[in-house]
Structures are given as C-alpha cells and as structure tokens.
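First up is the structure itself, then whatever we jot down about it.
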Number of protein chains: 2
Amino acid sequence: MVNMTTTTTVGATSTAMLTDHYELTMLRAALADGTAHHQAVFEAFARRLPDGRRYGVVAGLGRIVEAIESFTFDTSRVAWLLEHGIIDERTADHLLGYRFTGNIDAYREGDIYFPNSPVLTVSGTFAECVVLETLILSILNHDSAMASAAARMVSAADGRPLLEMGSRRTNESAAVAAARAAYIAGFASTSNLQAGFQYGVPTRGTAAHAFTLGHTSEREAFASQVASLGTDTTLLVDTYDIPQGIRTAVEAAGTNLGGIRLDSGDLGDEARKARALLDSLGATSTKISVTSDLDEHTIAALTDAPIDLYGAGTKLVGGSGHPTAGMVYKLVAIADEPGPYAPMRPVAKKATSKGSVGGRKVAYRALDHQGHATREVVVVRHLPGAPETGLGRALQVAVIRDGHVVHRPSLAEIRAHHRGAKAELTALDLDLAPGTPRLVADPTAIGNLIGAGA
Amino acid sequence: MVNMTTTTTVGATSTAMLTDHYELTMLRAALADGTAHHQAVFEAFARRLPDGRRYGVVAGLGRIVEAIESFTFDTSRVAWLLEHGIIDERTADHLLGYRFTGNIDAYREGDIYFPNSPVLTVSGTFAECVVLETLILSILNHDSAMASAAARMVSAADGRPLLEMGSRRTNESAAVAAARAAYIAGFASTSNLQAGFQYGVPTRGTAAHAFTLGHTSEREAFASQVASLGTDTTLLVDTYDIPQGIRTAVEAAGTNLGGIRLDSGDLGDEARKARALLDSLGATSTKISVTSDLDEHTIAALTDAPIDLYGAGTKLVGGSGHPTAGMVYKLVAIADEPGPYAPMRPVAKKATSKGSVGGRKVAYRALDHQGHATREVVVVRHLPGAPETGLGRALQVAVIRDGHVVHRPSLAEIRAHHRGAKAELTALDLDLAPGTPRLVADPTAIGNLIGAGA
C-alpha cells in the first residue's frame, strides 16, 4: 500500500487560488481594521443530510491536510490579485507570508456523521482561518458525498466486492478523489490509475467493447486478450451475442477463465443465464461481473443473482443523486481583541431559519452495551482540552497543531476506522429506503455543559 | 482577457494516469497482436440527453486540448505500471514514447448538441486513440453538463447577470472547470479565483456572514468593508435583521452604496421589500443580489422581483440535477491491417439496445431562412474532407491535425460562438419545462450518402 504521503502529481502545486474571491476581500478589510489578528473558531458541519439519507460518511480529511500544506501564495498569484484590484499592498504582503499556523480538529476520516455533527473545526487567527473556507468545503463536501453514496452501495452488495469505475462520468480530478473516497467506504478497487499511483487504491480492468470491435472477430479479440493477460482475465462477452460470447470466451481461455463481464441488458437475468451456461461448459469457477449504471438500489435488487463483482460508475460519482454533502463552514467564536489569550464570544447568524448554535463544539458518540450508537453528544465549550469521560466515543481527533500535521493515517487505517464506525450503526440506519437520521447532533440539548460560555 | 494558453497551475502536470486501467491492458494486448498500429476512428456522443433536457451545450474542448498536450508518461509512472503488472515491457517502451499524433475534429466549444450528435471524433492508430477515452470523456461529460445547466439558468435570468459561486459544493478542481463552463454558457462572472487566474473568467465577491459576525456589530463590519472596498461594494445584509441591515448599510456607505446581497428567506419577497426600503432611503441605484440555492426554475420564478444579479452555486455545479452529460466514446471504424491507407470498416456494438451506427459521421445543422435550426444532418463517410454544401452549417472543426493543435479560440470567441449557436434554437428548445429534444441526429436517415461504405 502506497502511503498517502507519497508525492502527488496532478494538483500538487499551490492550492491557494482554489478560493472564493470574497475570502480575500474579507481578509483585506480585516487586515485594515485589525480583526485579522483576532483568534477565531470556524466549524464545518451539515445542517441536514441529503433527502432520505440516514447517515453520512466523512471523507477528504487526508486530502484537506495535503491541500492546506500546499496553500501558499507565490509572487505570480499575488501580482495577479493586485492587478485585478482584489487585494491591496498590505494584503499582498500578508499572503506572500501566508502559512496556516493554527489548529484543526476533525472527525476521523471514514467516521459516520449526522446533522450538525461538528465534522471539522479550524482555529487560529481570523485571517488564517477565513481563507480556507472554500478549499476545505470543496474537498469535504465532494469526498463525503462520494463516500456516503459508496457506503450505501457496499451495504447493498452485502459482502460482494465493488469496483469503482466512474472516472469518465465526472471531472478528471474529481474522479481520483471519488475513487479514493469509495475505497475508504469499502469498495475493493477502482478503474482509475491515478488513484492507484497517488493513493495506493487497488486498480483493475481488462477490456472494453472497442477491443472486441477492433478485431475481425470476437474469437480473435478474446484469443489476443488471453495471450496477453492470461486465462485469469475477465472477458467482456456482450458485444454481439451473449451466449455465443460466453462459448467463445471459454473456448479461448479454457474452463479456468477468470471471469466474464456483462455490461448491458437485464443483469440479473443475464447473470443467471450466464452462470448456467458457464457451469454447463465446465467453467464453474469463472466469475461474473456486472457493470451497467448500478446504484445501491439496483445492486440490492441483484442479491439473488449469481454475481461475483459489481462495477459502479455514473451513480457513484454522482453521489447516487446527491453529489455534494452540503456542509457549511461557519464562524462560531471570535475574540474582540488580538492575542492568543483574548476571551472569545460565541457567534451565530440569526436572521433566518438557518440559525446555528455559536461556540466550539466537542462531540462524542454514546454507545449501548452492544456497541451501537445511541446518541451524538455535542458539548459547547470554549477551548479544546482533555476529553470528557462517560459521554461516549470521542469523535474528534487533533489533525493539525500550530500548523503541524499530527494525524496522517494510512488509507488502510482509514478503511479500518470506517468499518468500525459503520458497525456502530443499526439496521434502521443502514436501511436503503429513504428515511430520516435516527441520530442528530443537538448542541442545545446539553448547551454550555462545560466551558466559559463559548 | 487572459488567453486559454496561459500557463496553468493546478493540474498542469501529466494527465496520463487520469485513465482507466483497462485502456492500458487493451493497449498491451493490441501491441502484442498488432492491432495497435491499425488506423481507427473513435467518436464521443450522447445517445440521449439527461431526462427532460431539450438541448446540450458542448464544453471542455479547450481543456481537452491542453490535457492531451500533457498526456505523456514519465519513467516513474511507467515503472509503477510495470511493478503493478498492468503493462509489460513492450507497452512500457510504447508509453515512454507516447504522444498523440492523430487528428481530432469536434463541435466547437459552446455549440449546441443533440442526441447522437458526433461531438468529438478522434482518429489515428488504435493505440494512440484508445488510451484517451477516459480523459476525453471526463472533461467533456463534466464541462458539458455544467454548461448545459448554466445555459438554462442564463435563459431563465433573461438578461440579468449571473455569478457562478458553486466552488464549495464540488471537488476543488472541478470547481475551476465549472466556472469556466458557466462563463462559456453566458454567466457574467465567478467567485473562483483560480478560474480567473487560469482562464481569465471575471471574478467577484465581497464578504460572507463570517465577516459580520467577526465584528462586534454589523455597523462596524459594514464600515470596515466600505473603508476597505469603497462604497461601490456589496454589503451582505441578512446576518441579523434584514431591514435593519439595509438601513445600517446605507448609513455606512451612503446612498451610492453599490449593492446589497440577500442569502436567505423568500428571495422575491425580501427583494421587493429591500427595493422599497432602499428607494425610501434614497439608495435608488443600489443593486440587489440574491444567492440562495438558485436553479433555472427558481430564477425564472423571480422574473418579476427587483433583482439585479443572481448567484448560482450548488445547483450549477450539480448540473441542475444532471452532473454528467452521459457521453460515450466508441470505436466506429477500424482498419484490419496496419498503415495509413489501409481500408477501414465501420463497427458498432450489436448485442443490445445500445446499438449505434458504425462509420465516421460528419454533421451539419440545417437552418431555416430565419436562422433557426431545423435538422441535425449527419452523414456517414469514410474520411474527413471538404464539407458538403447545402446541408447546413458545418458543425465540426479541425482541432488537432497530426498531433498539432490547430484550433485554440479565446474564451471570448467561445462565448460569442455559444451566443450564436443558442440563437439558432427556438422557444420550444429553450422552454425550461421537461421535454424531449426537437432535434435528434439520426445517421441512419441519410446513411452512406457519401463515402466508401464507412
């Protein structure tokens, strides 16, 4: 397994302009009036889950850490910002020296979240925290949406392996992140080579219809593929006529043929017919993969079919109808004077129904004696510190301290954490039918249990 | 306007691994059996538009050209592919020397497309064309989905400017591409700085709720913003109480205040009340921007409200419910022997209802005397050549010839082309209600009108 810290390639340059214009104009005004230097706390959370979803899966934290490490402004960017009147000279000087020196606490990647769960907390000066809003949300919203959809497909597949293959149906860089997120949520592999190269996600694939069509006969195409990739390969048998394709496949590879793939038609029906035909030909160990526009519902409907591997593409990268997790990044506490020890006040927007609870939140998941989640306990308090005891599993972990990354689990560790966290869910949570979350983090329920009013 | 050829930053390194595993295994087998060196033609097209859509907008071509120029394999990538058993030594040698030397013809970026429109055609050896499938589709499907959604919002806005602000609700790199696509389809600006820096899309933005909350009073926040950004700025007035926020804004900036922004509540109702209040305060030229989860339908419903600018975010980057254009990349013709002059045969998958028409397609848009599109004329023929006359506007343009880019319009030219192409649509096409495309490219209608049977 390649570690996540392997040198990245695509997108490895500065991430600093992956930012909304208004963050730098806010910074400009805050530098001018001094607010820039006040200590602040921002939280990323989802006010609600996408319609019908019962839980969400946190993903993207590892990518956020890397993106923050690359969040630096060089002279060409600063010159462009100045030329376009977005920043002034004071802001330019500030950005040239920018490096995040604050703290980040977050739910572990792969963990489960619910409405209002304080998924990620950024603290530091207003100046250094405010400019990270867009980048943090882009990664967290995208990757969590992918992982949340993937987790449902994994439940539906009920132990059968899933291949992520949606690269062609999403932005080329988003595809890499989606492959990583799906792997975190339990997919076995991806078609995307960059996800393998950059993150160590296992990749797989054999051939498309173009390969068969590119030869003068299906027989010739299969023979070539077997000669090159061995009999353990998977042959795509639905270019012309499926039963004839299966016969030709077994003739080309022998009864040790690794697998066949079906990419069209009624997959359950075709899989049953294919299994019977393969068995009658003696290819009893040949596996059947299906790969046509699957989501958690179509996968669940195929439970009784003799299928060995599902490929999920379009629906996975579309978040199975919900391509964003809808998290927001909100200022929840700020000091009214500069300096690290200035007292902070809790803040929250009040004009509308969007109302949130101010103050830094600390989160625990209460578990029953069987290890099932019973409550998302959120305590509002002023400063991070030693965890309370008896409130449940502490959900937040220190990720960055004084600008230094202190939490960088491997993808294998993240996958394992996800499995454990998902095991805390009940059948009600895992039901694929539209529903409402059983657990909702409600900071008002406990309120200022601990801390100095913020 | 920065030209599209400006040195890019994010994602500017090799794009070669943004590829599905199976493309390299197909290449491996094709190199072994010789098919790799046969001339081939692949086409990218959509069998159907997303449900209810009446037309699509082509976007991403400029990015595809850049991505193909960066599609090269270095030794670290090739070593990784070898180590993981994906390629053999012969394929490794081939990839180290890979550079696309074929041709690409395509619908101009910004043009309109319909079901089966041959949007992009790649020709060259099987080896050099087959490996581009994923990358071309990723870009074309994502960017066209964004532009198609954006074009509907532009129609709904009926001349009022639109700001793209969805960066936080999509992958951080996808956000840049979405901003570019929305601009092509007629958006006025984006919040995304990278889209400005990299592509010259105008950027804008002023402040978020965090800026107001970060100050001890709204009055103090507004005064700071005006001091820093001038009275022509836009003040966000809905943090606490909207009418009071508007009064405070006008007090802070005077009656020359540039604009106010509303981000919550019933936007039509709030805009009407805000307009009346602004006028009563003498701020008659102060503009009203609204920015809360808008799509083409909510924008259209606000036609009668006194709104000067719409900000569209989540729905735009989600393709307004259709985050991918669903185009496919299919082999349509191939030679059965190597060499540039070997005769080609048309090919198409036959097993299922996915059936396509083989052979290279050349496309024209027939127009009536008012300039409205009456038919998408598609002719199947063997080789590219001089356009037919009398069939309508030739839709394809030479983009790459023998590996050299020969078509690199500026973003301004692309926007202008889009406006012209959209003007060929009728009220029926532009209707936002779900419908079916009035035009469908049907290669079987004309068939082998011209050419040697392919």
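The chains in the structure tokens are called A, B, ... from first to last as shown; in each chain the residues are counted from 1, and the ligands are counted from 1 in the order shown.
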### Query
Counting only C-alpha atoms, which residues of chain A come no farther than 6 Å from chain B, as an MDAnalysis selection string?
chainID A and resid 10:11 13 17:22 25:26 29 134 137:139 142 168:172 174 191:194 204:207 210 225 228 238:241 324 331 349:351
Using only C-alpha atoms, what table do you get, as a Markdown table, when you list each residue of stretch 294-390 of chain A with an atom no more than 12 Å from stretch 102-115 of chain A, its nearest pair of atoms, and their distance in Å rounded to one decimal, rows by chain then rising number?
```
| residue | atom | partner | partner_atom | distance |
| --- | --- | --- | --- | --- |
| A:Ala325 | CA | A:Pro115 | CA | 10.7 |
| A:Gly326 | CA | A:Pro115 | CA | 10.5 |
| A:Met327 | CA | A:Pro115 | CA | 9.5 |
| A:Val328 | CA | A:Pro115 | CA | 11.5 |
| A:Pro340 | CA | A:Gly102 | CA | 10.8 |
| A:Ser356 | CA | A:Pro115 | CA | 11.6 |
| A:Arg360 | CA | A:Asp105 | CA | 10.8 |
| A:Lys361 | CA | A:Asp105 | CA | 10.6 |
| A:Val362 | CA | A:Asp105 | CA | 9.6 |
| A:Ala363 | CA | A:Tyr107 | CA | 8.7 |
| A:Tyr364 | CA | A:Tyr107 | CA | 10.0 |
| A:Arg365 | CA | A:Tyr113 | CA | 9.9 |
| A:Ala373 | CA | A:Ile112 | CA | 10.3 |
| A:Arg375 | CA | A:Phe114 | CA | 10.2 |
| A:Glu376 | CA | A:Phe114 | CA | 7.9 |
| A:Val377 | CA | A:Phe114 | CA | 11.0 |
| A:Val378 | CA | A:Phe114 | CA | 11.5 |
| A:Leu383 | CA | A:Asn103 | CA | 11.4 |
| A:Pro384 | CA | A:Asp105 | CA | 9.0 |
| A:Gly385 | CA | A:Asp105 | CA | 11.3 |
```
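The closest residue to B:Ala312, picked from B:Val131, B:Val65, B:Leu163, B:Met344 and counting only C-alpha atoms, is B:Leu163.
We find atom CA of B:Tyr310 and atom CA of B:Ala274 to be spaced 15.2 Å apart.
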### Query
Looking only at the backbone, which of the residues in stretch 36-209 of chain B does DSSP tag as helix (DSSP H, G or I), as an MDAnalysis selection string?
chainID B and resid 36:37 61:69 75:83 89:96 126:130 133:157 167:169 172:184 193:199 209
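Put simply, atom CA of B:Glu251 is 27.4 Å away from atom CA of A:Pro338.
Straight-line separation from atom CA of B:Leu162 to atom CA of B:Thr286: 17.1 Å.
Of the residues listed (A:Arg438, A:Arg272, A:Arg408, A:Lys287), A:Lys287 shows the shortest atom-to-atom separation from A:Pro161; distances use only C-alpha atoms.
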### Message
I want to know what sits within 12 Å of A:Asp158, based on only C-alpha atoms, with residues of the same chain fewer than 2 positions away left out; could you give that as a PyMOL selection string?
### Response
chain A and resi 151-156+160-162+186-187+296+299-304+307-310+430
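Shortest atom-to-atom contact with A:Arg419 among A:Ala44, A:Val122, A:Leu294, A:Val57: A:Val57, counting only C-alpha atoms.
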### Message
Just want the 8 Å neighbourhood of A:Thr231, counted on only C-alpha atoms, with same-chain residues fewer than 3 positions away dropped. Output as number ranges by chain.
### Response
A: 226-227, 253-254, 256-258
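Remark: for A:Arg47, the closest of the candidate residues A:Pro118, A:Pro409, A:Gly358, A:Gly62 is A:Pro118 (distances computed over only C-alpha atoms).
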